[in-house]
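Asks: File work-v4.cif follows (mmCIF, C-alpha atoms and all ligand atoms):
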data_coords
#
loop_
_atom_site.label_atom_id
_atom_site.label_comp_id
_atom_site.auth_asym_id
_atom_site.auth_seq_id
_atom_site.Cartn_x
_atom_site.Cartn_y
_atom_site.Cartn_z
CA MET W 1116 -0.38 -27.15 -35.54
CA ALA W 1117 -2.55 -29.08 -37.99
CA THR W 1118 -3.33 -32.69 -37.07
CA LYS W 1119 -1.74 -35.41 -39.14
CA LEU W 1120 -4.26 -37.51 -41.05
CA GLU W 1121 -3.31 -41.11 -40.94
CA LYS W 1122 -6.31 -43.35 -41.53
CA VAL W 1123 -7.47 -43.55 -45.12
CA LEU W 1124 -10.47 -45.37 -46.55
CA LEU W 1125 -10.71 -45.86 -50.33
CA ILE W 1126 -14.08 -46.51 -51.94
CA GLY W 1127 -14.62 -47.40 -55.60
CA SER W 1128 -10.98 -48.47 -55.51
CA THR W 1129 -11.43 -51.51 -57.74
CA GLY W 1130 -12.67 -49.50 -60.74
CA THR W 1131 -10.75 -47.92 -63.61
CA ILE W 1132 -9.14 -44.99 -61.82
CA GLY W 1133 -9.67 -46.38 -58.31
CA TYR W 1134 -7.40 -49.30 -59.22
CA HIS W 1135 -4.54 -46.90 -59.98
CA ILE W 1136 -5.17 -44.80 -56.86
CA LEU W 1137 -5.15 -47.97 -54.77
CA HIS W 1138 -1.88 -49.08 -56.39
CA ALA W 1139 -0.26 -45.74 -55.53
CA PHE W 1140 -1.13 -46.37 -51.87
CA LEU W 1141 0.09 -49.99 -51.73
CA PRO W 1142 3.83 -49.24 -51.35
CA LYS W 1143 3.03 -46.48 -48.82
CA VAL W 1144 0.82 -48.46 -46.46
CA ALA W 1145 3.46 -48.49 -43.71
CA SER W 1146 3.49 -44.69 -43.61
CA PHE W 1147 -0.19 -44.59 -42.59
CA LYS W 1148 -1.81 -45.87 -39.41
CA ARG W 1149 -4.55 -47.52 -41.42
CA VAL W 1150 -5.40 -47.95 -45.10
CA ALA W 1151 -8.51 -49.85 -46.14
CA ILE W 1152 -10.77 -50.34 -49.12
CA PHE W 1153 -14.52 -50.64 -48.87
CA THR W 1154 -15.78 -52.93 -51.59
CA SER W 1155 -18.75 -55.04 -52.54
CA GLN W 1156 -19.23 -58.77 -52.09
CA ASN W 1157 -19.57 -59.01 -55.85
CA THR W 1158 -16.12 -57.48 -56.42
CA VAL W 1159 -14.55 -59.79 -53.85
CA GLY W 1160 -15.84 -62.69 -55.98
CA THR W 1161 -14.99 -61.28 -59.41
CA LYS W 1162 -11.65 -59.58 -58.64
CA LYS W 1163 -10.20 -62.16 -56.24
CA GLU W 1164 -6.62 -61.73 -57.44
CA LEU W 1165 -6.71 -57.98 -56.81
CA VAL W 1166 -8.32 -58.39 -53.40
CA ASP W 1167 -5.68 -60.98 -52.37
CA LYS W 1168 -2.87 -58.68 -53.55
CA VAL W 1169 -4.35 -55.77 -51.61
CA LYS W 1170 -4.59 -57.82 -48.42
CA ALA W 1171 -1.02 -59.09 -48.85
CA SER W 1172 0.16 -55.45 -49.04
CA GLY W 1173 -1.30 -54.71 -45.62
CA VAL W 1174 -4.42 -52.90 -46.82
CA GLU W 1175 -7.60 -53.91 -45.00
CA VAL W 1176 -10.50 -55.08 -47.13
CA ILE W 1177 -13.90 -54.14 -45.73
CA VAL W 1178 -16.70 -55.90 -47.57
CA GLY W 1179 -20.12 -54.35 -47.48
CA ASP W 1180 -22.90 -52.42 -49.06
CA LEU W 1181 -22.68 -48.66 -49.54
CA GLY W 1182 -26.45 -48.55 -49.13
CA ASN W 1183 -26.22 -49.94 -45.58
CA GLU W 1184 -26.12 -46.71 -43.53
CA ALA W 1185 -25.29 -48.32 -40.21
CA GLN W 1186 -22.37 -50.23 -41.71
CA VAL W 1187 -21.09 -47.19 -43.60
CA LYS W 1188 -21.29 -45.06 -40.44
CA GLU W 1189 -19.42 -47.59 -38.38
CA THR W 1190 -16.78 -47.96 -41.09
CA PHE W 1191 -16.32 -44.22 -41.64
CA SER W 1192 -15.90 -43.66 -37.90
CA GLY W 1193 -12.58 -45.52 -38.03
CA PHE W 1194 -10.99 -43.19 -40.63
CA ASP W 1195 -10.07 -39.52 -40.96
CA THR W 1196 -9.89 -39.41 -44.77
CA ILE W 1197 -12.28 -40.98 -47.29
CA VAL W 1198 -11.26 -41.06 -50.95
CA SER W 1199 -14.05 -41.89 -53.35
CA ALA W 1200 -13.44 -43.11 -56.89
CA LEU W 1201 -16.98 -44.35 -57.43
CA GLY W 1202 -17.98 -44.81 -61.05
CA ARG W 1203 -20.22 -42.58 -63.14
CA GLY W 1204 -23.19 -44.83 -62.30
CA ALA W 1205 -22.66 -44.41 -58.57
CA LEU W 1206 -21.89 -40.69 -58.24
CA HIS W 1207 -25.37 -39.92 -56.93
CA LEU W 1208 -24.78 -42.28 -53.97
CA GLN W 1209 -22.11 -39.94 -52.64
CA SER W 1210 -24.43 -37.29 -51.17
CA ASN W 1211 -25.74 -39.82 -48.67
CA LEU W 1212 -22.21 -41.03 -47.89
CA ILE W 1213 -21.17 -37.40 -47.33
CA SER W 1214 -24.12 -36.83 -44.97
CA ILE W 1215 -23.06 -39.89 -42.98
CA ALA W 1216 -19.44 -38.70 -42.85
CA ALA W 1217 -20.60 -35.23 -41.78
CA SER W 1218 -22.55 -36.70 -38.85
CA LEU W 1219 -19.30 -37.92 -37.30
CA THR W 1220 -16.74 -36.03 -35.23
CA PRO W 1221 -14.06 -34.91 -35.59
CA PRO W 1222 -14.87 -33.74 -39.14
CA LYS W 1223 -13.78 -36.15 -41.85
CA ARG W 1224 -11.93 -35.21 -44.96
CA PHE W 1225 -13.74 -36.41 -48.10
CA PHE W 1226 -12.40 -36.61 -51.66
CA PRO W 1227 -15.49 -36.97 -53.88
CA SER W 1228 -15.14 -38.89 -57.13
CA GLU W 1229 -14.04 -36.19 -59.59
CA TYR W 1230 -10.91 -36.97 -61.65
CA GLY W 1231 -12.25 -35.38 -64.80
CA THR W 1232 -13.52 -32.26 -66.46
CA ASP W 1233 -13.50 -29.10 -64.42
CA ILE W 1234 -17.28 -29.16 -64.07
CA ARG W 1235 -17.46 -25.58 -62.91
CA TYR W 1236 -16.57 -24.79 -66.51
CA SER W 1237 -19.87 -23.73 -68.01
CA PRO W 1238 -22.08 -26.49 -66.61
CA VAL W 1239 -25.03 -25.02 -68.49
CA THR W 1240 -23.51 -26.24 -71.73
CA SER W 1241 -23.81 -29.85 -70.66
CA PRO W 1242 -27.30 -30.26 -69.21
CA SER W 1243 -27.59 -33.79 -70.63
CA GLU W 1244 -24.30 -34.89 -69.12
CA ILE W 1245 -25.81 -36.69 -66.12
CA PRO W 1246 -22.49 -37.43 -64.37
CA HIS W 1247 -21.59 -33.71 -64.52
CA GLN W 1248 -24.95 -32.77 -63.11
CA ASN W 1249 -24.55 -35.41 -60.37
CA LYS W 1250 -21.08 -34.11 -59.53
CA LEU W 1251 -22.46 -30.56 -59.30
CA LYS W 1252 -25.15 -31.78 -56.87
CA VAL W 1253 -22.52 -33.60 -54.78
CA ARG W 1254 -20.39 -30.45 -54.72
CA ALA W 1255 -23.31 -28.26 -53.61
CA HIS W 1256 -24.08 -30.71 -50.79
CA ILE W 1257 -20.55 -31.11 -49.48
CA GLU W 1258 -19.77 -27.39 -49.76
CA ALA W 1259 -22.86 -26.52 -47.67
CA LEU W 1260 -21.67 -28.97 -44.98
CA ALA W 1261 -18.09 -27.68 -45.26
CA ARG W 1262 -19.30 -24.13 -44.61
CA GLU W 1263 -20.85 -25.44 -41.38
CA GLY W 1264 -17.50 -27.03 -40.46
CA LYS W 1265 -18.97 -30.56 -40.50
CA ILE W 1266 -16.66 -31.97 -43.19
CA THR W 1267 -13.84 -30.84 -45.44
CA TYR W 1268 -13.50 -31.68 -49.10
CA THR W 1269 -10.83 -31.95 -51.78
CA TYR W 1270 -11.65 -32.20 -55.48
CA VAL W 1271 -8.90 -33.58 -57.69
CA VAL W 1272 -9.69 -32.38 -61.22
CA THR W 1273 -7.64 -33.94 -64.01
CA GLY W 1274 -9.19 -33.11 -67.37
CA PRO W 1275 -9.39 -36.08 -69.74
CA PHE W 1276 -7.58 -39.29 -68.91
CA ALA W 1277 -4.70 -39.33 -71.37
CA ASP W 1278 -4.62 -43.14 -71.54
CA THR W 1279 -8.05 -43.30 -73.11
CA PHE W 1280 -9.09 -39.99 -74.61
CA PHE W 1281 -6.04 -39.37 -76.79
CA ILE W 1282 -6.03 -42.88 -78.16
CA SER W 1283 -8.99 -42.62 -80.43
CA ARG W 1284 -12.31 -43.72 -79.04
CA MET W 1285 -13.89 -41.88 -81.94
CA PRO W 1286 -12.40 -42.09 -85.44
CA ARG W 1287 -11.99 -38.30 -85.66
CA ILE W 1288 -10.29 -37.61 -82.35
CA GLY W 1289 -6.79 -38.51 -81.22
CA LEU W 1290 -4.59 -41.36 -82.39
CA ASN W 1291 -6.09 -44.12 -84.47
CA MET W 1292 -3.27 -46.63 -84.54
CA GLY W 1293 -4.92 -48.98 -87.05
CA ASN W 1294 -5.55 -46.26 -89.64
CA GLY W 1295 -2.37 -44.32 -88.93
CA THR W 1296 -4.41 -41.16 -88.40
CA TYR W 1297 -4.54 -38.41 -85.79
CA GLY W 1298 -7.77 -36.50 -85.30
CA ILE W 1299 -7.56 -32.87 -84.27
CA VAL W 1300 -10.58 -30.94 -83.06
CA GLY W 1301 -10.15 -27.33 -84.08
CA PRO W 1302 -8.73 -25.31 -86.94
CA GLU W 1303 -5.79 -26.41 -89.09
CA ASP W 1304 -3.92 -23.28 -88.06
CA ALA W 1305 -2.09 -24.41 -84.91
CA GLU W 1306 -1.87 -20.79 -83.74
CA LYS W 1307 -5.65 -20.73 -83.43
CA GLN W 1308 -5.98 -24.09 -81.64
CA GLU W 1309 -6.94 -24.15 -77.96
CA LYS W 1310 -4.64 -25.89 -75.50
CA ILE W 1311 -5.85 -29.00 -73.74
CA SER W 1312 -4.61 -30.53 -70.48
CA GLY W 1313 -4.71 -34.26 -69.84
CA THR W 1314 -3.66 -36.57 -67.03
CA THR W 1315 -2.59 -40.20 -67.16
CA TYR W 1316 -4.08 -42.78 -64.82
CA SER W 1317 -0.73 -43.13 -63.08
CA ASP W 1318 -0.31 -39.37 -62.56
CA THR W 1319 -3.89 -39.04 -61.32
CA ALA W 1320 -3.05 -41.63 -58.68
CA ARG W 1321 0.22 -39.85 -57.76
CA TYR W 1322 -1.61 -36.55 -57.37
CA VAL W 1323 -4.31 -38.09 -55.18
CA LEU W 1324 -1.71 -39.75 -52.95
CA SER W 1325 0.24 -36.50 -52.76
CA ALA W 1326 -2.92 -34.54 -51.84
CA VAL W 1327 -3.80 -37.05 -49.12
CA GLN W 1328 -0.28 -36.79 -47.67
CA ALA W 1329 -0.01 -33.00 -47.96
CA PRO W 1330 -0.54 -30.84 -44.86
CA PRO W 1331 -4.35 -30.86 -44.46
CA GLU W 1332 -4.66 -27.06 -44.51
CA THR W 1333 -3.24 -27.01 -48.05
CA THR W 1334 -5.97 -29.26 -49.43
CA LYS W 1335 -8.84 -28.24 -47.14
CA ASN W 1336 -11.99 -27.30 -49.08
CA ALA W 1337 -9.91 -27.09 -52.22
CA THR W 1338 -10.32 -27.71 -55.92
CA LEU W 1339 -6.98 -29.01 -57.15
CA ARG W 1340 -6.33 -28.92 -60.89
CA VAL W 1341 -3.65 -31.36 -61.96
CA SER W 1342 -2.31 -32.52 -65.30
CA SER W 1343 0.41 -34.58 -66.97
CA PHE W 1344 0.63 -32.07 -69.84
CA THR W 1345 -0.97 -29.04 -71.43
CA ALA W 1346 -0.53 -28.80 -75.19
CA LYS W 1347 -2.14 -27.76 -78.44
CA PRO W 1348 -3.54 -30.63 -80.54
CA ALA W 1349 -0.81 -29.93 -83.12
CA GLU W 1350 1.87 -30.47 -80.42
CA LEU W 1351 0.20 -33.71 -79.39
CA LEU W 1352 0.22 -34.87 -83.01
CA LYS W 1353 3.93 -34.09 -83.22
CA GLY W 1354 4.55 -35.95 -79.97
CA PHE W 1355 2.71 -39.05 -81.16
CA GLU W 1356 4.59 -38.96 -84.48
CA SER W 1357 7.89 -38.69 -82.68
CA VAL W 1358 7.15 -41.57 -80.28
CA LEU W 1359 5.75 -43.79 -83.03
CA GLY W 1360 8.52 -42.80 -85.46
CA LYS W 1361 6.12 -42.21 -88.33
CA LYS W 1362 3.98 -39.54 -89.96
CA LEU W 1363 0.27 -39.68 -89.19
CA ASN W 1364 -2.47 -38.51 -91.52
CA THR W 1365 -4.28 -35.65 -89.88
CA ILE W 1366 -8.05 -35.34 -89.80
CA TYR W 1367 -9.42 -31.96 -88.74
CA THR W 1368 -12.86 -31.50 -87.21
CA PRO W 1369 -13.75 -27.86 -86.66
CA LEU W 1370 -15.40 -27.17 -83.32
CA ASP W 1371 -18.67 -26.14 -84.95
CA GLU W 1372 -18.85 -29.49 -86.67
CA LEU W 1373 -18.24 -31.27 -83.35
CA ARG W 1374 -21.00 -29.17 -81.74
CA LYS W 1375 -23.37 -30.19 -84.56
CA LEU W 1376 -22.45 -33.86 -84.13
CA GLU W 1377 -22.91 -33.55 -80.36
CA LYS W 1378 -26.47 -32.25 -80.84
CA GLU W 1379 -27.29 -35.00 -83.32
CA LYS W 1380 -25.92 -37.72 -81.03
CA TRP W 1381 -28.00 -36.52 -78.06
CA ALA W 1382 -31.11 -36.29 -80.29
CA GLU W 1383 -30.49 -39.87 -81.49
CA LYS W 1384 -29.92 -41.01 -77.86
CA ASP W 1385 -26.56 -42.38 -78.96
CA PRO W 1386 -24.79 -43.89 -75.92
CA TYR W 1387 -21.58 -42.14 -77.06
CA ALA W 1388 -23.19 -38.67 -77.06
CA THR W 1389 -21.42 -38.01 -73.75
CA VAL W 1390 -18.04 -38.50 -75.40
CA TYR W 1391 -18.91 -35.75 -77.92
CA THR W 1392 -19.92 -33.39 -75.11
CA LEU W 1393 -16.74 -34.08 -73.16
CA ASN W 1394 -14.51 -33.59 -76.20
CA ARG W 1395 -16.31 -30.38 -77.12
CA ILE W 1396 -15.71 -28.98 -73.62
CA TRP W 1397 -12.05 -30.04 -73.63
CA TYR W 1398 -11.20 -28.80 -77.12
CA GLU W 1399 -12.94 -25.46 -76.68
CA GLY W 1400 -10.45 -24.72 -73.91
CA GLY W 1401 -12.44 -26.07 -70.94
CA SER W 1402 -9.56 -28.18 -69.75
CA ASP W 1403 -6.68 -25.79 -70.40
CA PHE W 1404 -5.40 -25.81 -66.84
CA SER W 1405 -2.42 -23.61 -67.69
CA ARG W 1406 -4.86 -20.69 -67.58
CA LYS W 1407 -6.08 -21.54 -64.07
CA PRO W 1408 -4.55 -21.72 -60.60
CA VAL W 1409 -3.61 -25.19 -59.39
CA ALA W 1410 -5.71 -24.70 -56.27
CA LEU W 1411 -8.82 -22.76 -55.35
CA TYR W 1412 -10.01 -22.65 -51.74
CA LEU W 1413 -13.50 -22.15 -50.37
CA ASP W 1414 -13.79 -18.89 -48.49
CA GLU W 1415 -16.13 -20.03 -45.73
CA LYS W 1416 -17.50 -16.51 -45.15
CA THR W 1417 -18.38 -15.57 -48.71
CA GLY W 1418 -18.83 -19.05 -50.20
CA GLU W 1419 -16.51 -18.01 -53.05
CA ASP W 1420 -13.56 -20.02 -54.34
CA VAL W 1421 -10.37 -18.03 -53.98
CA GLU W 1422 -6.76 -18.41 -55.00
CA ASP W 1423 -4.14 -18.55 -52.24
CA GLU W 1424 -0.64 -18.84 -53.66
CA GLU W 1425 0.99 -19.07 -50.26
CA ARG W 1426 -1.19 -21.99 -49.15
CA SER W 1427 -0.79 -23.91 -52.39
CA LYS W 1428 2.85 -23.23 -53.15
CA HIS W 1429 4.25 -26.58 -51.95
CA LEU W 1430 1.50 -28.76 -53.39
CA PHE W 1431 2.61 -31.69 -55.56
CA GLU W 1432 6.34 -31.08 -55.22
CA ASP W 1433 6.67 -34.86 -54.82
CA VAL W 1434 4.96 -35.64 -58.15
CA PRO W 1435 7.61 -35.91 -60.90
CA LYS W 1436 7.03 -33.66 -63.91
CA ARG W 1437 7.57 -35.38 -67.25
CA SER W 1438 7.99 -34.24 -70.83
CA LEU W 1439 5.11 -34.60 -73.29
CA GLU W 1440 7.04 -37.36 -75.08
CA GLU W 1441 7.54 -39.33 -71.87
CA VAL W 1442 3.82 -39.12 -71.16
CA ILE W 1443 2.92 -40.18 -74.71
CA LYS W 1444 5.36 -43.10 -74.45
CA GLU W 1445 3.58 -44.26 -71.30
CA ILE W 1446 0.15 -44.20 -72.92
CA VAL W 1447 1.19 -45.72 -76.25
CA MET W 1448 3.50 -48.47 -75.05
N1 LIG T 1501 -11.11 -37.87 -66.84
C1 LIG T 1501 -11.65 -38.82 -67.56
O1 LIG T 1501 -11.38 -38.92 -68.76
C2 LIG T 1501 -12.56 -39.83 -66.90
C3 LIG T 1501 -12.93 -40.98 -67.60
C4 LIG T 1501 -13.71 -41.91 -66.94
C5 LIG T 1501 -14.14 -41.67 -65.63
N2 LIG T 1501 -13.78 -40.52 -65.01
C6 LIG T 1501 -14.23 -40.23 -63.62
O2 LIG T 1501 -13.51 -41.08 -62.72
C7 LIG T 1501 -14.37 -41.43 -61.63
C8 LIG T 1501 -14.36 -42.94 -61.47
O3 LIG T 1501 -14.83 -43.54 -62.66
P1 LIG T 1501 -14.34 -44.99 -63.12
O4 LIG T 1501 -14.68 -45.09 -64.56
O5 LIG T 1501 -12.97 -45.20 -62.66
O6 LIG T 1501 -15.32 -45.89 -62.27
P2 LIG T 1501 -15.79 -47.40 -62.53
O7 LIG T 1501 -14.65 -48.18 -63.03
O8 LIG T 1501 -17.06 -47.39 -63.33
O9 LIG T 1501 -16.27 -47.86 -61.08
C9 LIG T 1501 -15.56 -47.60 -59.91
C10 LIG T 1501 -16.02 -48.49 -58.79
O10 LIG T 1501 -17.16 -47.93 -58.14
C11 LIG T 1501 -17.75 -48.97 -57.35
N3 LIG T 1501 -19.20 -48.95 -57.41
C12 LIG T 1501 -20.02 -49.20 -56.37
N4 LIG T 1501 -21.29 -49.10 -56.73
C13 LIG T 1501 -21.30 -48.80 -58.03
C14 LIG T 1501 -22.36 -48.57 -58.96
N5 LIG T 1501 -23.65 -48.62 -58.63
N6 LIG T 1501 -22.01 -48.26 -60.23
C15 LIG T 1501 -20.71 -48.16 -60.60
N7 LIG T 1501 -19.68 -48.38 -59.73
C16 LIG T 1501 -19.97 -48.69 -58.46
C17 LIG T 1501 -17.18 -50.29 -57.84
O11 LIG T 1501 -16.19 -50.73 -56.91
P3 LIG T 1501 -16.46 -51.73 -55.69
O12 LIG T 1501 -17.16 -52.93 -56.20
O13 LIG T 1501 -15.08 -52.00 -55.21
O14 LIG T 1501 -17.31 -50.96 -54.72
C18 LIG T 1501 -16.47 -49.89 -59.12
O15 LIG T 1501 -15.38 -50.71 -59.41
C19 LIG T 1501 -15.74 -40.83 -61.94
O16 LIG T 1501 -15.91 -39.65 -61.23
C20 LIG T 1501 -15.69 -40.54 -63.43
O17 LIG T 1501 -16.49 -39.44 -63.83
C21 LIG T 1501 -12.98 -39.61 -65.61
#
Translate the structure described by the file into structure tokens.
Replies:
Amino acid sequence: MATKLEKVLLIGSTGTIGYHILHAFLPKVASFKRVAIFTSQNTVGTKKELVDKVKASGVEVIVGDLGNEAQVKETFSGFDTIVSALGRGALHLQSNLISIAASLTPPKRFFPSEYGTDIRYSPVTSPSEIPHQNKLKVRAHIEALAREGKITYTYVVTGPFADTFFISRMPRIGLNMGNGTYGIVGPEDAEKQEKISGTTYSDTARYVLSAVQAPPETTKNATLRVSSFTAKPAELLKGFESVLGKKLNTIYTPLDELRKLEKEKWAEKDPYATVYTLNRIWYEGGSDFSRKPVALYLDEKTGEDVEDEERSKHLFEDVPKRSLEEVIKEIVM
């Protein structure tokens, strides 16, 4: 019988998505033997209210430096599961953390910071997307160690965060509340539009909690694709109009135009070039999770990722499924 995992360490848990993951754990602390966050001295000073709330909920707060190997090793040795939600600027630090975790026995379970684009989707098309390249390096490292049985991994892949990427960060994409517009990437003919999956912060957190609590064999060396919805841009537009109770003016940007803009932005070293790359990947079908299995498992002999319907069939039964309108309400209100 598989061992029950009961001691969970969260790192990067004070950041954008980490905050939500942490808040999903707070009401569940009593069902674990130990839940802790590892955070920096700086965060303890700047996010005092959060840290106090976390402590009051029974979560331990371990203050330290992720660069201090001896401290990280000692900390990791007290947990069976490590969930990382480190930010884009800290993804590269994870390989060392994974090596430390892999030096400990029994093998730890490690959730690298993913929560985004399915980076196995044509990584060659985003060579300038440093976080993607860093995530690919982290994956190669942890998978090599997993094949040796020194660690196990779980990737939670969410596609774009619905809370941010459908509320326009660029004038041409998603809802622009001020202008009363909705930007669609793709053709005007809805039939020809690609579907896109997205996940809210709150659902991402629910899925991570659910994966941590699931029988370990069902999430062992797995890529888990989760989403709050999968819809065509035209359906999203309709959903926003229905929730807002008004018609929105639609702006269409054909994919080729977005690709051209993406190239220009990278050439100009525009700090938002990344956003163009991400949107291009998503709207060309790269985050249509309805076309892919919810879970893929590493076959330790061949190194291939394989589907296993039997093993994945009970995953996420505890995460409530919501209608597109309910999801849009959550992100708009
Ligand atoms: N799907 C999407 O649309 C989407 C959007 C944004 C991000 N993401 C992904 O979500 C994951 C987490 O990103 P995030 O935006 O939530 O992270 P974030 O807010 O930038 O940072 C998360 C936390 O990481 C810790 N950290 C430690 N050293 C750091 C360093 N050198 N640089 C940055 N952070 C450091 C900090 O917490 P402590 O001080 O507590 O250690 C920080 O609060 C990433 O994998 C990212 O690619 C996905």
Asks: Work out how far atom CA of Gly1313 of chain W is from atom CA of Asp1403 of chain W, in Å to one decimal.
Replies: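 Value for the atom CA of Asp1403 of chain W-atom CA of Gly1313 of chain W distance: 8.7 Å.
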Asks: Taking a cut-off of 6 Å and counting all atoms listed in the file, can you build a table that, for each residue of chain W near ligand LIG 1501 (chain T), reports the nearest atom pair and how far apart they are in Å (one decimal), sorted by chain then residue number, as CSV?
Replies:
residue,atom,partner,partner_atom,distance
W:Gly1127,CA,T:LIG1501,O10,3.6
W:Ser1128,CA,T:LIG1501,O13,5.4
W:Thr1129,CA,T:LIG1501,O15,4.4
W:Gly1130,CA,T:LIG1501,O15,3.3
W:Thr1131,CA,T:LIG1501,O5,3.6
W:Ile1132,CA,T:LIG1501,O5,3.9
W:Gly1133,CA,T:LIG1501,O5,5.6
W:Thr1154,CA,T:LIG1501,O13,3.8
W:Ser1155,CA,T:LIG1501,O12,4.5
W:Thr1158,CA,T:LIG1501,O12,4.7
W:Ala1200,CA,T:LIG1501,C8,4.7
W:Leu1201,CA,T:LIG1501,O10,3.7
W:Gly1202,CA,T:LIG1501,O6,3.1
W:Arg1203,CA,T:LIG1501,O17,4.9
W:Gly1204,CA,T:LIG1501,N6,4.2
W:Ala1205,CA,T:LIG1501,C14,4.2
W:Ser1228,CA,T:LIG1501,O16,4.2
W:Glu1229,CA,T:LIG1501,O16,4.3
W:Tyr1230,CA,T:LIG1501,O2,5.0
W:Gly1231,CA,T:LIG1501,N1,3.4
W:Thr1273,CA,T:LIG1501,N1,6.0
W:Gly1274,CA,T:LIG1501,N1,5.2
W:Pro1275,CA,T:LIG1501,O1,3.6
W:Phe1276,CA,T:LIG1501,O1,3.8
Asks: Could you pull the residues within 12 Å of segment 1371-1374 of chain W, counting all atoms listed in the file, minus those fewer than 3 positions along the same chain, as a VMD selection string?
Replies: chain W and resid 1240 to 1241 1285 1287 to 1288 1298 to 1302 1367 to 1368 1377 to 1381 1388 to 1399
Asks: Taking all atoms listed in the file into account, which of W:Ala1151, W:Leu1363, W:Ala1259, W:Val1323 comes nearest Ala1349 of chain W?
Replies: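 Using all atoms listed in the file, Ala1349 of chain W sits closest to W:Leu1363.
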Asks: Pick out the closest residue to Val1447 of chain W from this set: W:Tyr1387, W:Phe1280, W:Phe1226, W:Phe1153. Count all atoms listed in the file.
Replies: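 Under the stated criterion, the closest residue is W:Phe1280.
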Asks: Smallest atom-to-atom distance to Lys1307 of chain W: which of W:Thr1267, W:Leu1370, W:Thr1333, W:Gly1295, using all atoms listed in the file?
Replies: W:Leu1370
Asks: May I ask which of the residues W:Gly1293, W:Val1442, W:Leu1324, W:Ser1218 is the closest one to Val1150 of chain W, counting only C-alpha atoms?
Replies: W:Leu1324
Asks: Using all atoms listed in the file, what residues lie at most 9 Å away from (-16.7, -24.8, -54.2) (file coordinates), given as JSON, numbers by chain?
Replies: {"W": [1235, 1254, 1255, 1257, 1258, 1336, 1337, 1338, 1411, 1412, 1413, 1414, 1418, 1419, 1420]}
Asks: List as a list of chain:residue names the protein and nucleic acid residues near Ser1427 of chain W, meaning an atom at most 9 Å away when only C-alpha atoms are counted, but skip any in the same chain fewer than 4 places from it.
Replies: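 The neighbour list is W:Thr1333, W:Thr1334, W:Val1409, W:Ala1410, W:Leu1411, W:Glu1422, W:Asp1423.
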Asks: Hey, what's within 12 Å of segment 1179-1183 of chain W if we count all atoms listed in the file and toss same-chain stuff fewer than 6 positions away? As a list in words, please?
Replies: Ile1126, Gly1127, Ile1152, Phe1153, Thr1154, Ser1155, Gln1156, Asn1157, Thr1158, Val1159, Glu1189, Thr1190, Phe1191, Ser1199, Leu1201, Ala1205, Leu1206, His1207, Leu1208, Gln1209, Ser1210, Asn1211, Leu1212, Ile1213 and Ile1215 of chain W
Asks: So how many Å separate atom CA of Leu1339 of chain W and atom CA of Val1271 of chain W, to one decimal?
Replies: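 Atom-to-atom, atom CA of Leu1339 of chain W and atom CA of Val1271 of chain W are spaced 5.0 Å apart.
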Asks: Quote the spacing between atom CA of Leu1125 of chain W and atom CA of Thr1196 of chain W in Å to one decimal place.
Replies: 8.6 Å
